[in-house]
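Note: the block below is coords_8.tsv and it holds TSV, C-alpha atoms and all ligand atoms.
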chain	number	residue	atom	x	y	z
T	13	MET	CA	77.57	105.32	95.70
T	14	THR	CA	79.71	104.51	92.68
T	15	ASN	CA	78.18	104.70	89.21
T	16	THR	CA	78.16	101.04	88.27
T	17	ILE	CA	78.25	97.86	90.30
T	18	ILE	CA	78.91	94.55	88.58
T	19	LEU	CA	77.90	91.40	90.42
T	20	ILE	CA	79.86	88.27	89.58
T	21	GLY	CA	79.72	84.74	90.96
T	22	PHE	CA	78.71	81.18	90.16
T	23	MET	CA	75.26	80.18	88.95
T	24	GLY	CA	72.83	80.33	91.85
T	25	ALA	CA	74.97	82.70	93.93
T	26	GLY	CA	72.09	85.19	93.99
T	27	LYS	CA	73.41	87.76	91.51
T	28	THR	CA	70.06	88.50	89.88
T	29	THR	CA	67.95	88.62	93.05
T	30	VAL	CA	70.52	90.70	94.92
T	31	GLY	CA	71.08	92.93	91.89
T	32	GLN	CA	67.38	93.68	91.53
T	33	GLN	CA	66.95	94.53	95.20
T	34	LEU	CA	70.17	96.52	95.34
T	35	ALA	CA	69.14	98.61	92.34
T	36	LYS	CA	65.71	99.24	93.88
T	37	GLU	CA	67.18	100.19	97.24
T	38	THR	CA	69.77	102.53	95.74
T	39	LYS	CA	67.43	103.87	93.03
T	40	GLN	CA	69.63	102.77	90.18
T	41	GLN	CA	68.94	101.04	86.91
T	42	PHE	CA	69.23	97.25	86.95
T	43	LEU	CA	70.46	95.09	84.08
T	44	ASP	CA	70.76	91.33	84.06
T	45	LEU	CA	73.16	90.32	81.30
T	46	ASP	CA	71.42	86.97	80.77
T	47	ASP	CA	68.14	88.83	80.15
T	48	GLU	CA	69.98	91.28	77.90
T	49	PHE	CA	71.36	88.31	75.99
T	50	VAL	CA	67.83	87.06	75.41
T	51	LYS	CA	66.71	90.53	74.28
T	52	GLU	CA	69.66	90.81	71.95
T	53	THR	CA	69.33	87.38	70.33
T	54	GLY	CA	65.57	86.96	70.56
T	55	THR	CA	66.05	83.47	71.91
T	56	SER	CA	66.48	81.82	75.31
T	57	ILE	CA	69.98	80.92	76.48
T	58	LYS	CA	68.86	77.32	76.60
T	59	SER	CA	67.90	77.15	72.93
T	60	PHE	CA	70.78	79.41	71.83
T	61	MET	CA	73.26	77.00	73.41
T	62	ALA	CA	71.42	73.96	72.05
T	63	ASP	CA	71.57	75.41	68.52
T	64	ASN	CA	74.98	77.11	68.56
T	65	GLY	CA	77.00	75.66	71.44
T	66	GLU	CA	78.71	77.27	74.39
T	67	LYS	CA	81.52	78.88	72.36
T	68	ALA	CA	79.07	80.90	70.27
T	69	PHE	CA	77.22	81.81	73.47
T	70	ARG	CA	80.45	83.16	74.98
T	71	THR	CA	81.22	85.27	71.90
T	72	MET	CA	77.76	86.81	72.00
T	73	GLU	CA	77.97	87.25	75.77
T	74	THR	CA	81.10	89.41	75.28
T	75	LYS	CA	79.23	91.65	72.82
T	76	VAL	CA	76.33	92.09	75.23
T	77	LEU	CA	78.71	92.82	78.11
T	78	GLU	CA	80.64	95.42	76.15
T	79	ASP	CA	77.48	97.11	74.98
T	80	ARG	CA	75.58	97.14	78.27
T	81	LEU	CA	78.58	98.40	80.22
T	82	GLN	CA	77.93	101.76	78.57
T	83	ASN	CA	75.07	102.06	81.10
T	84	SER	CA	75.47	102.89	84.73
T	85	GLY	CA	73.63	101.13	87.53
T	86	VAL	CA	73.66	97.60	88.89
T	87	ILE	CA	74.62	94.85	86.44
T	88	SER	CA	74.38	91.16	87.21
T	89	THR	CA	76.40	88.84	85.01
T	90	GLY	CA	76.21	85.21	83.94
T	91	GLY	CA	78.30	82.84	86.04
T	92	GLY	CA	80.64	82.02	83.16
T	93	ILE	CA	81.51	85.61	82.25
T	94	VAL	CA	84.92	85.32	83.93
T	95	GLU	CA	86.04	82.38	81.82
T	96	SER	CA	86.93	84.64	78.91
T	97	ASP	CA	90.11	86.74	79.08
T	98	ILE	CA	88.45	89.44	77.01
T	99	ASN	CA	85.49	89.68	79.37
T	100	ARG	CA	87.77	89.95	82.38
T	101	GLU	CA	89.74	92.67	80.66
T	102	ILE	CA	86.58	94.60	79.74
T	103	ILE	CA	85.33	94.41	83.32
T	104	ALA	CA	88.69	95.28	84.87
T	105	LYS	CA	89.10	98.29	82.58
T	106	SER	CA	85.64	99.64	83.34
T	107	ASP	CA	85.05	102.11	86.19
T	108	ALA	CA	82.59	99.71	87.79
T	109	THR	CA	82.98	98.28	91.27
T	110	VAL	CA	83.02	94.50	90.97
T	111	ILE	CA	81.46	92.48	93.74
T	112	PHE	CA	81.87	88.72	93.99
T	113	LEU	CA	78.88	86.98	95.56
T	114	GLN	CA	80.43	83.81	96.90
T	115	ALA	CA	78.48	80.70	97.90
T	116	ASP	CA	79.51	77.09	98.64
T	117	LEU	CA	79.17	74.66	95.79
T	118	ALA	CA	76.81	72.58	97.92
T	119	THR	CA	74.58	75.62	98.56
T	120	VAL	CA	74.53	76.46	94.86
T	121	ILE	CA	73.64	72.91	93.87
T	122	SER	CA	70.80	72.73	96.36
T	123	ARG	CA	69.48	76.15	95.25
T	124	LEU	CA	69.44	75.05	91.63
T	125	ALA	CA	68.16	71.52	92.17
T	126	THR	CA	64.91	72.16	90.33
T	127	ASP	CA	66.26	74.53	87.69
T	128	THR	CA	65.56	73.56	84.09
T	129	GLU	CA	66.61	76.79	82.38
T	130	ARG	CA	70.37	76.70	82.88
T	131	PRO	CA	71.74	74.51	80.10
T	132	LEU	CA	75.15	73.95	81.64
T	133	LEU	CA	73.59	72.70	84.82
T	134	ARG	CA	71.77	70.05	82.83
T	135	GLN	CA	74.68	69.16	80.53
T	136	LEU	CA	77.62	69.00	82.90
T	137	SER	CA	78.37	66.00	85.09
T	138	MET	CA	79.04	66.65	88.76
T	139	LYS	CA	82.78	66.30	88.09
T	140	GLN	CA	82.61	68.82	85.22
T	141	LEU	CA	80.59	71.22	87.36
T	142	MET	CA	83.20	70.96	90.11
T	143	ASP	CA	85.95	71.59	87.53
T	144	ARG	CA	84.15	74.74	86.36
T	145	TRP	CA	83.86	75.79	89.96
T	146	ALA	CA	87.58	75.26	90.56
T	147	LEU	CA	88.42	77.16	87.38
T	148	ARG	CA	86.18	80.12	88.13
T	149	GLU	CA	86.60	80.70	91.86
T	150	PRO	CA	90.11	82.24	91.60
T	151	LEU	CA	89.00	84.27	88.57
T	152	TYR	CA	86.04	85.75	90.47
T	153	SER	CA	88.31	86.55	93.42
T	154	SER	CA	91.00	88.22	91.38
T	155	LEU	CA	88.53	90.33	89.41
T	156	ALA	CA	86.50	91.46	92.41
T	157	ASP	CA	86.99	94.66	94.36
T	158	SER	CA	85.05	93.06	97.23
T	159	THR	CA	83.70	89.62	98.09
T	160	ILE	CA	80.52	88.91	100.00
T	161	GLN	CA	79.67	85.49	101.41
T	162	THR	CA	76.09	84.61	100.63
T	163	ASN	CA	75.68	81.19	102.27
T	164	GLY	CA	72.64	81.13	104.51
T	165	LYS	CA	71.99	84.86	104.03
T	166	ARG	CA	68.74	86.36	102.84
T	167	PRO	CA	69.05	88.67	99.80
T	168	GLU	CA	68.10	91.73	101.94
T	169	LYS	CA	71.07	91.05	104.22
T	170	ILE	CA	73.43	90.74	101.24
T	171	VAL	CA	72.08	94.00	99.80
T	172	GLN	CA	72.78	95.74	103.11
T	173	GLU	CA	76.32	94.36	103.09
T	174	VAL	CA	76.88	95.73	99.59
T	175	ILE	CA	75.52	99.15	100.58
T	176	LYS	CA	77.78	99.15	103.63
T	177	LEU	CA	80.79	98.72	101.36
T	178	PHE	CA	80.07	102.19	100.04
T	179	SER	CA	79.15	103.83	103.33
T	180	PRO	CA	81.27	106.60	104.86
T	181	ASP	CA	82.29	104.18	107.65
T	182	ASN	CA	83.84	101.98	105.07
T	183	ALA	CA	85.50	104.89	103.35
T	184	LEU	CA	87.00	105.83	106.71
T	185	VAL	CA	88.42	102.33	107.20
T	186	SER	CA	90.02	102.42	103.78
T	187	LEU	CA	91.40	105.97	104.24
T	188	ARG	CA	92.81	105.03	107.63
T	189	SER	CA	94.58	102.05	106.20
T	190	GLU	CA	96.01	104.32	103.48
T	191	ILE	CA	97.38	106.71	106.09
T	192	ASP	CA	98.77	103.84	108.19
T	193	SER	CA	100.60	102.55	105.15
T	194	LEU	CA	102.07	106.02	104.52
T	195	ASP	CA	103.27	106.16	108.14
T	196	HIS	CA	105.04	102.84	107.67
T	197	GLN	CA	106.70	104.17	104.54
T	198	ILE	CA	107.80	107.34	106.34
T	199	VAL	CA	109.41	105.39	109.21
T	200	ASN	CA	111.09	103.08	106.70
T	201	LEU	CA	112.51	106.10	104.89
T	202	ILE	CA	113.77	107.56	108.16
T	203	SER	CA	115.45	104.27	108.93
T	204	GLU	CA	117.06	104.30	105.47
T	205	ARG	CA	118.14	107.89	106.07
T	206	LEU	CA	119.82	106.91	109.33
T	207	THR	CA	121.76	104.18	107.54
T	208	VAL	CA	123.16	106.83	105.20
T	209	VAL	CA	123.85	109.07	108.22
T	210	LYS	CA	125.95	106.23	109.62
T	211	GLU	CA	127.92	106.02	106.38
T	212	ILE	CA	128.50	109.79	106.47
T	213	ALA	CA	129.67	109.53	110.08
T	214	ASP	CA	132.20	106.89	109.03
T	215	VAL	CA	133.58	109.18	106.33
T	216	LYS	CA	133.73	112.15	108.74
T	217	LYS	CA	135.54	110.03	111.28
T	218	ASP	CA	138.14	109.07	108.71
T	219	THR	CA	138.65	112.61	107.43
T	220	GLY	CA	138.33	114.42	110.77
T	221	LEU	CA	135.36	116.61	109.72
T	222	SER	CA	133.00	118.05	112.35
T	223	VAL	CA	129.66	116.35	113.03
T	224	VAL	CA	127.41	119.38	112.60
T	225	GLN	CA	127.65	121.52	109.51
T	226	HIS	CA	125.14	124.32	109.92
T	227	GLY	CA	125.55	125.79	106.46
T	228	ARG	CA	124.44	122.54	104.79
T	229	MET	CA	121.34	122.22	107.00
T	230	ASP	CA	120.28	125.83	106.35
T	231	GLN	CA	120.74	125.30	102.63
T	232	MET	CA	118.49	122.22	102.75
T	233	ARG	CA	115.81	124.14	104.66
T	234	SER	CA	115.66	126.89	102.07
T	235	GLU	CA	115.70	124.42	99.16
T	236	LEU	CA	112.72	122.56	100.63
T	237	LYS	CA	110.80	125.77	101.33
T	238	LYS	CA	111.32	126.83	97.74
T	239	GLU	CA	110.25	123.45	96.37
T	240	PHE	CA	107.05	123.30	98.43
T	241	ARG	CA	106.21	127.01	98.13
T	242	ASP	CA	102.98	126.27	96.21
T	243	ASP	CA	101.95	123.22	98.25
T	244	GLU	CA	99.30	124.37	100.70
T	245	ASN	CA	99.84	121.27	102.87
T	246	VAL	CA	103.47	122.08	103.55
T	247	SER	CA	104.16	125.36	105.37
T	248	ASP	CA	107.62	126.79	106.13
T	249	ILE	CA	106.97	126.01	109.79
T	250	LEU	CA	106.29	122.37	108.95
T	251	ILE	CA	109.52	122.18	106.95
T	252	ASP	CA	111.44	123.66	109.89
T	253	GLU	CA	109.88	121.11	112.24
T	254	ILE	CA	110.66	118.19	109.93
T	255	VAL	CA	114.25	119.33	109.28
T	256	ASP	CA	114.75	119.90	113.04
T	257	LEU	CA	113.55	116.37	113.74
T	258	LEU	CA	115.63	114.80	111.00
T	259	THR	CA	118.81	116.68	111.84
T	260	SER	CA	118.52	116.18	115.60
T	261	THR	CA	118.06	112.42	115.20
T	262	SER	CA	121.00	112.35	112.79
T	263	ILE	CA	123.26	114.38	115.06
T	264	ASN	CA	122.42	112.13	118.02
T	265	HIS	CA	123.14	109.13	115.84
T	266	GLU	CA	126.46	110.53	114.63
T	267	ASN	CA	127.50	111.65	118.11
T	268	LYS	CA	126.83	108.18	119.44
T	269	MET	CA	129.10	106.82	116.76
T	270	PHE	CA	131.90	109.27	117.53
T	271	GLY	CA	131.54	108.25	121.17
L	1	LIG	C1	76.25	80.28	82.89
L	1	LIG	C2	75.46	80.91	83.83
L	1	LIG	C3	74.17	81.49	83.50
L	1	LIG	C4	74.06	81.84	82.02
L	1	LIG	C5	74.44	80.68	81.18
L	1	LIG	C6	75.84	80.16	81.47
L	1	LIG	C7	77.54	79.72	83.33
L	1	LIG	O1	73.97	82.64	84.28
L	1	LIG	O2	74.86	82.92	81.68
L	1	LIG	O3	73.50	79.65	81.40
L	1	LIG	O4	78.37	79.42	82.47
L	1	LIG	O5	77.74	79.62	84.56
L	1	LIG	P1	73.69	82.58	85.89
L	1	LIG	O6	75.04	82.65	86.55
L	1	LIG	O7	72.91	83.81	86.15
L	1	LIG	O8	73.00	81.35	86.19

Please rewrite the model in this file as structure tokens.
Ligand code: S3P
Amino acid sequence: MTNTIILIGFMGAGKTTVGQQLAKETKQQFLDLDDEFVKETGTSIKSFMADNGEKAFRTMETKVLEDRLQNSGVISTGGGIVESDINREIIAKSDATVIFLQADLATVISRLATDTERPLLRQLSMKQLMDRWALREPLYSSLADSTIQTNGKRPEKIVQEVIKLFSPDNALVSLRSEIDSLDHQIVNLISERLTVVKEIADVKKDTGLSVVQHGRMDQMRSELKKEFRDDENVSDILIDEIVDLLTSTSINHENKMFG
């Protein structure tokens, strides 16, 4: 498992509960940035905001984030952490894996119906809360390495989904998609190569040169073998096979053109 996991998402998405259980399950340290804020300032978020306002809260929140990111483990963040450009930059630059716990607004509202500790929940009208939601959702998504839907799921299930993200199965899926993408690039390059082959054939046709020029192909083979001499993935035999394939497809292509 990676060193640090940062959980992001709206208030009531389950970041703290999931973070605690995830840390326990994976035997890592757990930090809740809202709790760290309280430790740092010696006051509750509710009274800090009442005394100093949200802007001052955000400035302090950035300091706490920056400082606590020195630790490894599971870190749950406050729902508004993504509103600040600086915070997003700090998170994006860190080595942590960022997981967005996504819930419907309706689910969040019903989960927090009896909450009295979250000042914004008390202060904001429903319209303002929905505006915050609309502002934050794309920010959470763009910052996250992975997103997990939490609607109707018990925390244990969400924890298992997070763990699965780091399992070898998952690594295999990601590695396979990497290799598939390389294969696509290789075929695209071959197609590009054949376009150039066609241009060469046109020139040869005009100047009456022969299709196959063995000297040039042998020269290319030895240049490639020299270049990849220290690359343990690429043997001389592999270079011969690749050059054979490339030249035979080209010759067929050219011959077709000469008719
Ligand atoms: C906030 C969310 C809270 C806390 C503060 C502000 C927000 O954290 O940081 O009250 O702006 O959404 P939770 O997301 O843990 O509720």

Compute the set of protein, DNA and RNA residues whose minimum atom distance to ligand LIG 1 (chain L) is at most 7 Å, using all atoms listed in the file, and state it as an MDAnalysis selection string. chainID T and resid 21:24 27:28 46 57 89:93 130:132

Calculated over all atoms listed in the file, which of the candidates T:Ile160, T:Leu141, T:Ile103, T:Ile191 has the smallest distance to Lys176 in chain T?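 The closest residue to Lys176 in chain T is T:Ile160.
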
List the neighbours of Thr71 in chain T out to 12 Å using all atoms listed in the file; skip same-chain residues closer than 3 positions along the sequence, and give me the result as number ranges by chain. T: 49, 60-61, 64-68, 74-78, 92-93, 95-99

Could you name the residues that touch range 262-267 of chain T at 12 Å or less, counting only C-alpha atoms, but leaving out those on the same chain fewer than 4 positions away, as a ChimeraX atom specification? /T:202-217,221-226,229,255-258,271

State, in Å with one decimal place, the distance from CA of Ile111 in chain T to CA of Arg166 in chain T. 16.8 Å
